[in-house]
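Here is the file final11.cif (mmCIF, C-alpha atoms).
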```cif
data_coords
#
loop_
_atom_site.group_PDB
_atom_site.id
_atom_site.type_symbol
_atom_site.label_atom_id
_atom_site.label_comp_id
_atom_site.auth_asym_id
_atom_site.auth_seq_id
_atom_site.Cartn_x
_atom_site.Cartn_y
_atom_site.Cartn_z
ATOM 1 C CA MET A 20 0.000 0.000 0.000
ATOM 2 C CA ILE A 21 1.369 3.429 -0.918
ATOM 3 C CA ASN A 22 0.917 6.536 1.148
ATOM 4 C CA GLY A 23 0.353 9.179 -1.506
ATOM 5 C CA GLU A 24 0.133 12.027 0.990
ATOM 6 C CA ASN A 25 3.133 13.967 -0.348
ATOM 7 C CA ASP A 26 3.230 12.485 -3.815
ATOM 8 C CA PRO A 27 2.975 14.547 -6.964
ATOM 9 C CA LYS A 28 -0.529 14.662 -8.441
ATOM 10 C CA PRO A 29 -1.104 12.827 -11.723
ATOM 11 C CA SER A 30 -1.319 15.111 -14.740
ATOM 12 C CA GLU A 31 -4.596 15.560 -16.551
ATOM 13 C CA SER A 32 -3.314 14.195 -19.859
ATOM 14 C CA LYS A 33 -3.163 10.416 -20.160
ATOM 15 C CA SER A 34 -2.110 10.405 -23.797
ATOM 16 C CA SER A 35 1.355 11.879 -23.234
ATOM 17 C CA GLY A 36 2.514 8.763 -21.403
ATOM 18 C CA LYS A 37 3.698 10.887 -18.484
ATOM 19 C CA SER A 38 1.775 10.268 -15.281
ATOM 20 C CA GLU A 39 3.738 12.619 -13.019
ATOM 21 C CA SER A 40 3.426 16.380 -12.754
ATOM 22 C CA SER A 41 7.098 16.772 -13.591
ATOM 23 C CA GLY A 42 6.206 17.954 -17.103
ATOM 24 C CA GLY A 43 8.456 15.392 -18.786
ATOM 25 C CA LYS A 44 11.411 16.117 -16.478
ATOM 26 C CA THR A 45 13.261 13.263 -14.892
ATOM 27 C CA LEU A 46 12.954 13.061 -11.120
ATOM 28 C CA LYS A 47 16.072 12.367 -9.064
ATOM 29 C CA ALA A 48 16.140 10.073 -6.040
ATOM 30 C CA GLN A 49 17.897 11.833 -3.161
ATOM 31 C CA ARG A 50 17.881 9.374 -0.261
ATOM 32 C CA TYR A 51 16.062 6.445 1.285
ATOM 33 C CA ALA A 52 14.850 5.720 4.793
ATOM 34 C CA ILE A 53 12.938 3.008 6.616
ATOM 35 C CA ARG A 54 10.227 3.111 9.223
ATOM 36 C CA PHE A 55 9.793 0.137 11.520
ATOM 37 C CA ASN A 56 6.234 0.810 12.605
ATOM 38 C CA PRO A 57 4.492 0.325 10.265
ATOM 39 C CA PRO A 58 7.233 -1.339 8.214
ATOM 40 C CA SER A 59 7.845 0.922 5.239
ATOM 41 C CA VAL A 60 10.497 2.284 2.887
ATOM 42 C CA VAL A 61 10.580 6.041 2.291
ATOM 43 C CA LEU A 62 12.070 7.642 -0.816
ATOM 44 C CA GLU A 63 12.983 11.318 -0.864
ATOM 45 C CA TYR A 64 13.265 12.708 -4.377
ATOM 46 C CA SER A 65 13.437 16.110 -6.019
ATOM 47 C CA ASP A 66 10.837 17.438 -8.433
ATOM 48 C CA SER A 67 11.664 20.851 -9.918
ATOM 49 C CA GLY A 68 13.613 21.803 -6.813
ATOM 50 C CA LYS A 69 10.912 20.618 -4.411
ATOM 51 C CA LYS A 70 11.620 17.735 -2.076
ATOM 52 C CA ARG A 71 8.933 15.079 -2.137
ATOM 53 C CA LEU A 72 8.446 11.832 -0.233
ATOM 54 C CA ARG A 73 7.036 8.509 -1.350
ATOM 55 C CA THR A 74 6.251 5.986 1.382
ATOM 56 C CA VAL A 75 5.798 2.312 0.531
ATOM 57 C CA LYS A 76 4.279 0.251 3.323
ATOM 58 C CA LEU A 77 5.232 -3.410 3.575
ATOM 59 C CA ALA A 78 2.557 -5.231 5.536
ATOM 60 C CA GLN A 79 2.943 -8.593 7.278
ATOM 61 C CA LEU A 80 6.687 -9.110 7.089
ATOM 62 C CA GLY A 81 8.037 -12.351 8.503
ATOM 63 C CA SER A 82 10.489 -15.178 8.075
ATOM 64 C CA GLU A 83 8.726 -16.269 4.869
ATOM 65 C CA SER A 84 9.078 -12.823 3.239
ATOM 66 C CA ASP A 85 10.898 -12.787 -0.101
ATOM 67 C CA VAL A 86 13.311 -9.844 0.094
ATOM 68 C CA ASP A 87 13.923 -9.694 -3.675
ATOM 69 C CA ARG A 88 10.184 -9.677 -4.464
ATOM 70 C CA LEU A 89 9.583 -6.953 -1.854
ATOM 71 C CA THR A 90 12.491 -4.901 -3.231
ATOM 72 C CA LEU A 91 10.977 -5.068 -6.709
ATOM 73 C CA LYS A 92 7.583 -4.041 -5.280
ATOM 74 C CA VAL A 93 9.158 -1.023 -3.583
ATOM 75 C CA ILE A 94 11.038 0.085 -6.700
ATOM 76 C CA ARG A 95 7.962 -0.340 -8.926
ATOM 77 C CA SER A 96 5.958 1.878 -6.606
ATOM 78 C CA PHE A 97 8.337 4.806 -7.137
ATOM 79 C CA PRO A 98 7.178 7.513 -9.575
ATOM 80 C CA ARG A 99 7.485 6.440 -13.213
ATOM 81 C CA ALA A 100 9.384 9.585 -14.165
ATOM 82 C CA LEU A 101 12.094 8.772 -11.605
ATOM 83 C CA ASP A 102 15.526 8.436 -13.201
ATOM 84 C CA PRO A 103 16.389 4.721 -12.913
ATOM 85 C CA ALA A 104 20.088 5.595 -12.640
ATOM 86 C CA THR A 105 19.385 7.322 -9.303
ATOM 87 C CA VAL A 106 17.592 4.282 -7.861
ATOM 88 C CA ASN A 107 20.116 2.094 -6.080
ATOM 89 C CA ARG A 108 18.503 -1.359 -6.158
ATOM 90 C CA GLU A 109 21.037 -2.855 -3.751
ATOM 91 C CA GLN A 110 20.495 -0.071 -1.231
ATOM 92 C CA VAL A 111 16.717 -0.585 -1.367
ATOM 93 C CA ARG A 112 17.280 -4.338 -0.963
ATOM 94 C CA ARG A 113 19.422 -3.772 2.164
ATOM 95 C CA LEU A 114 16.720 -1.562 3.670
ATOM 96 C CA VAL A 115 14.019 -4.151 2.950
ATOM 97 C CA GLN A 116 16.282 -6.835 4.459
ATOM 98 C CA ARG A 117 16.588 -4.751 7.648
ATOM 99 C CA LEU A 118 12.805 -4.494 7.870
ATOM 100 C CA VAL A 119 12.421 -8.259 7.411
ATOM 101 C CA ASP A 120 15.148 -8.955 9.987
ATOM 102 C CA ARG A 121 13.434 -6.636 12.463
ATOM 103 C CA ALA A 122 10.109 -8.415 11.884
ATOM 104 C CA ASN A 123 11.811 -11.790 12.464
ATOM 105 C CA ARG A 124 13.407 -10.503 15.642
ATOM 106 C CA GLY A 125 9.879 -10.061 16.981
ATOM 107 C CA ALA A 126 9.500 -13.835 16.814
ATOM 108 C CA GLU A 127 12.119 -14.312 19.548
ATOM 109 C CA SER A 128 10.698 -15.562 22.806
ATOM 110 C CA LEU A 129 10.421 -13.299 25.826
ATOM 111 C CA ASN A 130 11.278 -14.161 29.401
ATOM 112 C CA LEU A 131 8.126 -13.133 31.260
ATOM 113 C CA ASP A 132 9.889 -13.771 34.578
ATOM 114 C CA ASP A 133 12.318 -10.925 33.866
ATOM 115 C CA PRO A 134 11.431 -8.092 36.306
ATOM 116 C CA ASP A 135 12.889 -5.499 33.889
ATOM 117 C CA LEU A 136 10.712 -6.608 30.955
ATOM 118 C CA ASP A 137 8.602 -3.713 29.687
ATOM 119 C CA LEU A 138 5.808 -4.978 27.448
ATOM 120 C CA ASN A 139 5.195 -1.406 26.288
ATOM 121 C CA LYS A 140 8.510 -1.504 24.418
ATOM 122 C CA VAL A 141 8.238 -4.840 22.586
ATOM 123 C CA THR A 142 7.084 -5.484 19.039
ATOM 124 C CA VAL A 143 3.485 -6.339 18.256
ATOM 125 C CA GLU A 144 4.457 -9.952 17.581
ATOM 126 C CA GLN A 145 6.298 -10.223 20.906
ATOM 127 C CA LEU A 146 3.304 -8.718 22.727
ATOM 128 C CA LYS A 147 0.941 -11.239 21.126
ATOM 129 C CA GLN A 148 3.323 -14.031 22.128
ATOM 130 C CA ALA A 149 3.544 -12.767 25.726
ATOM 131 C CA LYS A 150 -0.247 -12.478 26.008
ATOM 132 C CA ALA A 151 -0.704 -16.000 24.666
ATOM 133 C CA GLU A 152 1.827 -17.313 27.187
ATOM 134 C CA MET A 153 0.068 -15.460 30.035
ATOM 135 C CA ASP A 154 -3.277 -16.911 28.898
ATOM 136 C CA ASN A 155 -1.798 -20.413 28.977
ATOM 137 C CA VAL A 156 -0.476 -19.912 32.518
ATOM 138 C CA PHE A 157 -3.854 -18.531 33.617
ATOM 139 C CA LEU A 158 -5.771 -21.455 32.118
ATOM 140 C CA LYS A 159 -3.359 -23.927 33.709
ATOM 141 C CA ASN A 160 -3.925 -22.397 37.178
ATOM 142 C CA GLN A 161 -7.629 -21.614 36.788
ATOM 143 C CA LEU A 162 -10.017 -23.377 39.178
ATOM 144 C CA LEU A 163 -13.491 -24.060 37.854
ATOM 145 C CA PRO A 164 -16.647 -24.917 39.834
ATOM 146 C CA GLY A 165 -16.535 -28.553 40.920
ATOM 147 C CA GLN A 166 -12.728 -28.680 41.075
ATOM 148 C CA LYS A 167 -10.872 -29.200 44.344
ATOM 149 C CA GLY A 168 -9.931 -25.872 45.940
ATOM 150 C CA PHE A 169 -12.587 -23.826 44.107
ATOM 151 C CA GLU A 170 -14.239 -21.143 46.254
ATOM 152 C CA TYR A 171 -17.087 -18.940 45.086
ATOM 153 C CA ASN A 172 -17.002 -15.175 45.717
ATOM 154 C CA VAL A 173 -13.788 -14.934 47.716
ATOM 155 C CA GLU A 174 -13.411 -11.628 49.560
ATOM 156 C CA LYS A 175 -10.143 -10.654 51.238
ATOM 157 C CA GLU A 176 -9.092 -7.688 53.336
ATOM 158 C CA PHE A 177 -5.795 -6.061 52.493
ATOM 159 C CA GLU A 178 -3.678 -3.969 54.820
ATOM 160 C CA VAL A 179 -3.760 -0.279 53.988
ATOM 161 C CA VAL A 180 -0.268 1.111 53.607
ATOM 162 C CA GLU A 181 0.156 4.827 54.226
ATOM 163 C CA GLY A 182 2.953 6.676 52.526
ATOM 164 C CA PRO A 183 4.067 8.190 49.238
ATOM 165 C CA GLY A 184 2.161 5.556 47.253
ATOM 166 C CA ASP A 185 -1.170 6.595 48.794
ATOM 167 C CA TRP A 186 -3.348 7.882 45.968
ATOM 168 C CA ASP A 187 -5.765 9.881 48.129
ATOM 169 C CA ASP A 188 -4.166 13.152 49.228
ATOM 170 C CA SER A 189 -7.179 14.492 51.093
ATOM 171 C CA ASP A 190 -7.067 14.550 54.899
ATOM 172 C CA ASP A 191 -10.752 13.917 55.437
ATOM 173 C CA ASP A 192 -11.484 10.275 56.044
ATOM 174 C CA ASP A 193 -15.230 10.865 55.987
ATOM 175 C CA ASP A 194 -17.339 9.265 53.367
ATOM 176 C CA ASP A 195 -18.990 11.843 51.213
ATOM 177 C CA ASP A 196 -22.661 11.427 52.059
ATOM 178 C CA ILE A 197 -24.907 13.340 49.755
ATOM 179 C CA SER A 198 -28.218 14.050 51.445
#
```

Would you put the structure from the file into structure tokens?
Amino acid sequence: MINGENDPKPSESKSSGKSESSGGKTLKAQRYAIRFNPPSVVLEYSDSGKKRLRTVKLAQLGSESDVDRLTLKVIRSFPRALDPATVNREQVRRLVQRLVDRANRGAESLNLDDPDLDLNKVTVEQLKQAKAEMDNVFLKNQLLPGQKGFEYNVEKEFEVVEGPGDWDDSDDDDDDDIS
């Protein structure tokens, strides 16, 4: 899928064979970049002195992803008037390879027992894996009605700890009764 937000608008004339607003001029690729979330390759190119961006999103990358096929997809999505001599196929391939490697890294297992593990900073795939593992542990320890040790509607009192972690800053311990 292509994000055409900053792309040149197609010209009105279809018969000229030129689909870009460059008026027959050749566009020059300036530099490339990648975005990890969502996985995409970004091309910066110049069009009559203006810098423009073309973003090509690569959805569902994984270990089965064909880097050469994805590279060709990215290059074909660039503007047709782009000078092919300024498109470095090997550079685009390396960027796509980095995106695929990053997606595969998400498949690594997490140690949920690690106290420093921050699930807010993991990839989507790692988060799904961690949630599935937590669900399995929950189901393994779950007690259902009729099983030994099952208690219905368990209520427990917990000791109130005063201190900097106390969320209620007010000094009044009265319940607010609205009459």

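For the pair CA of Asp154 (chain A) and CA of Ala122 (chain A), the separation is 23.3 Å.
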
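Shortest separation to Thr90 (chain A) among A:Val61, A:Ala78, A:Ala48, A:Leu114 occurs at residue A:Leu114, atoms counted being only C-alpha atoms.
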
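For the atom pair formed by CA of Asp66 (chain A) and CA of Lys47 (chain A), the distance is 7.3 Å, given to one decimal.
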
Given the PyMOL selection byres ((chain A and resi 70) around 12) and the file above, list the residues it selects as a PDB file with C-alpha atoms, in the frame of the given file.
```
ATOM      1  CA  ASN A  25       3.133  13.967  -0.348  1.00  0.00           C
ATOM      2  CA  ASP A  26       3.230  12.485  -3.815  1.00  0.00           C
ATOM      3  CA  PRO A  27       2.975  14.547  -6.964  1.00  0.00           C
ATOM      4  CA  LEU A  46      12.954  13.061 -11.120  1.00  0.00           C
ATOM      5  CA  LYS A  47      16.072  12.367  -9.064  1.00  0.00           C
ATOM      6  CA  ALA A  48      16.140  10.073  -6.040  1.00  0.00           C
ATOM      7  CA  GLN A  49      17.897  11.833  -3.161  1.00  0.00           C
ATOM      8  CA  ARG A  50      17.881   9.374  -0.261  1.00  0.00           C
ATOM      9  CA  LEU A  62      12.070   7.642  -0.816  1.00  0.00           C
ATOM     10  CA  GLU A  63      12.983  11.318  -0.864  1.00  0.00           C
ATOM     11  CA  TYR A  64      13.265  12.708  -4.377  1.00  0.00           C
ATOM     12  CA  SER A  65      13.437  16.110  -6.019  1.00  0.00           C
ATOM     13  CA  ASP A  66      10.837  17.438  -8.433  1.00  0.00           C
ATOM     14  CA  SER A  67      11.664  20.851  -9.918  1.00  0.00           C
ATOM     15  CA  GLY A  68      13.613  21.803  -6.813  1.00  0.00           C
ATOM     16  CA  LYS A  69      10.912  20.618  -4.411  1.00  0.00           C
ATOM     17  CA  ARG A  71       8.933  15.079  -2.137  1.00  0.00           C
ATOM     18  CA  LEU A  72       8.446  11.832  -0.233  1.00  0.00           C
ATOM     19  CA  ARG A  73       7.036   8.509  -1.350  1.00  0.00           C
TER      20      ARG A  73
END
```

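The shortest atom-to-atom distance to Val93 (chain A), with all atoms listed in the file taken into account, belongs to A:Val60 out of A:Val106, A:Leu129, A:Val60, A:Val119.
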